[in-house]
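Right, one structure below, let's go through it.
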Amino acid sequence: MNTLNVVLFILLVVGVSALVTIALIMLSRTNHSLKGEYDERQQLMKGKAFRAAFFTGLGYSLLVFLLDIVGCKIPMETGLLVLTGGMISLVVYVTIAIMNDAYIGLNEKLGSTLGLFAVCGVMNIIPAITNIRSGGFVKNGVLTNSFANVIIFAMLFIISAVLVIKHCVMNRGEESDEES
Amino acid sequence: MKNLKVKAARAGKDLSQDDLAKICQVSRQTINAIEKGDYNPSIKLCIAICKALDKTLDDLFWEE
C-alpha cells in the first residue's frame with residue numbers, strides 16, 4: 001500500500017466516523033430514549049463533577065508544564081501524555097457523578113451502561129494484547145501512543161467498578177434506610 | 001435536617017420512594033436526598049411533590 005492509498009484510507013475512516021457521529025447526534029436530539037434525561041439534583045451534581053474534572057485537568061496540565069520547565073522528561077509520547085490527562089479528568093468527572101447518583105439518567109439502565117463499557121473495553125483490550133505480542137509499548141525508552149488502549153481499558157475498568165460498587169452495595173443500604 | 005414531613009406524607013399515601021420519584025419524574029435518590037435533608041429541591045419540584053402527596057407547600061416544606 002503506497003502513501004497515497006494510506007492517506008485516502010485514513011480520510012475515508014475519518015469521513016465515515018464523522019458522518020456516523022453527526023447521525024448519532026441528530027438521532028439523539030430527536031429520539032429521547034437515546035438522550036440521557038436527568039433531574040435537577042442530578043444536573044447540579046453533574047455540574048459539580050464537571051468543575052472538579054476541569055480543575056483536575058488544569059492541575060495535570062500545570063504539573064506537566066512545570067516538569068517540562070525543570071527539565072524532567074516524562075518517558076511518554078506527547079499524544080499519550082495529553083490523552084492520560086484527559087482520561088484522568090474523565091475518571092474524576094464520572095466517579096463524582098456516580099457517587100452522587102447523577103451518572104445514569106432517568107431513562108437509562110445500569111445494565112446497558114455496563115454493557116456499553118464492556119464492548120468499549122473489549123475493543124481496547126484486543127489491540128492492547130496485539131501490541132504486547134508484537135513487541136510491547138516501549139520504544140527507545142519511551143512509552144508509545146499504542147499504550148493508549150491500556151489507559152482507556154483501565155479507565156473503563158475503574159468506572160465500571162465504581163458503578164457496580166455504588167449501585168449494588170451503597171444503594172442497597174439506602175433502600176434499607178427507607179424501610180426504617 | 002431531615003424532612004420527616006415528606007417521608008410521613010409519602011408513607012401515609014402508601015408510596016415507596018421509587019413510586020413518588022416516578023410520579024415527580026425524578027430519580028429515587030433525589031427523593032431519598034430530600035427526605036434525608038441532603039438536597040433542597042426547587043420550588044417546581046416542591047410543587048410536584050405536594051401535588052403527588054395531596055399536600056400544600058406549608059404542610060411539607062414550611063418549618064415551624
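Residues in the C-alpha cells are numbered from 1 in each chain, the chains being A, B, ... in the order shown, and ligands are numbered from 1 in the order shown.
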
Within 10 Å of Pro127 in chain A, counting only C-alpha atoms, which residues qualify if same-chain residues fewer than 5 places away don't, as a ChimeraX atom specification? /A:122,132-133,146-150

Using 7 Å as the limit and counting only C-alpha atoms, can you tabulate each residue of chain A that touches chain B, with its shortest atom-to-atom distance in Å and the two atoms involved, as a Markdown table?
| residue | atom | partner | partner_atom | distance |
| --- | --- | --- | --- | --- |
| A:Asp39 | CA | B:Val26 | CA | 5.2 |
| A:Arg41 | CA | B:Thr30 | CA | 6.5 |
| A:Asp101 | CA | B:Gln29 | CA | 6.8 |
| A:Leu106 | CA | B:Ser27 | CA | 6.2 |

Write the residues of the preceding selection, restricted to C-alpha atoms, as a PDB file, in the first residue's frame.
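As a result, result-v6.pdb now contains:
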ATOM      1  CA  ASP A  39     -33.479  15.597  37.152  1.00  0.00           C
ATOM      2  CA  ARG A  41     -30.338  17.371  41.527  1.00  0.00           C
ATOM      3  CA  ASP A 101     -26.192   9.121  41.657  1.00  0.00           C
ATOM      4  CA  LEU A 106     -33.703   8.667  34.415  1.00  0.00           C
TER       5      LEU A 106
END

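Counting only C-alpha atoms and comparing A:Tyr60, A:Phe50, A:Phe117, A:Phe65, the residue that lies closest to Tyr93 in chain A is A:Phe50.
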
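Nearest to Leu80 in chain A of all the residues A:Tyr38, A:Val94, A:Asn140, A:Asn145 is A:Asn145, based on only C-alpha atoms.
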
What residues in chain A get the DSSP label strand (DSSP E or B)? Please answer as a compact mmCIF listing (two decimals) with C-alpha atoms, in the first residue's frame.
# COMPACT_ATOMS: atom_id res chain seq x y z
CA MET A 76 5.84 9.13 27.21
CA VAL A 138 8.17 0.90 24.86
CA LYS A 139 10.28 2.21 22.00
CA VAL A 142 9.62 5.99 25.69
CA LEU A 143 6.08 4.74 26.21

Would you list, as a ChimeraX atom specification, the residues of chain A that end up in helix (DSSP H, G or I) under DSSP run on this structure's backbone? /A:3-30,40-69,78-99,110-133,145-179

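Taking CA of Leu81 in chain A and CA of Ile152 in chain A as endpoints, the distance between them is 12.8 Å.
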
Counting only C-alpha atoms, what is within 7 Å of range 49-62 of chain B, bar same-chain residues fewer than 2 positions away, as a list in words? Lys5, Val6, Ala9, Arg10, Lys13, Ile23, Cys24, Leu45, Cys46, Ile47 and Glu64 of chain B

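Look at Thr56 in chain A: the protein and nucleic acid residues within 9 Å of it, using only C-alpha atoms and passing over chain neighbours fewer than 2 places away, are Arg51, Ala52, Ala53, Phe54, Leu58, Gly59, Tyr60, Ser61, Gly85, Ile88, Ser89 and Val92 of chain A.
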
Considering only C-alpha atoms, state which residue in the set A:Cys120, A:Ile126, A:Val91, A:Met26 is at the smallest distance from Met155 in chain A.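 That would be A:Val91, the residue with the smallest distance to Met155 in chain A.
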
Go ahead and compute the interatomic distance for CA of Leu44 in chain A and CA of Ile104 in chain A, in Å to one decimal.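 Computed distance, CA of Leu44 in chain A to CA of Ile104 in chain A, equals 13.8 Å.
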
Have a look at CA of Cys72 in chain A and CA of Met87 in chain A and let me know their distance in Å, one decimal.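 Atom-to-atom, CA of Cys72 in chain A and CA of Met87 in chain A are spaced 22.0 Å apart.
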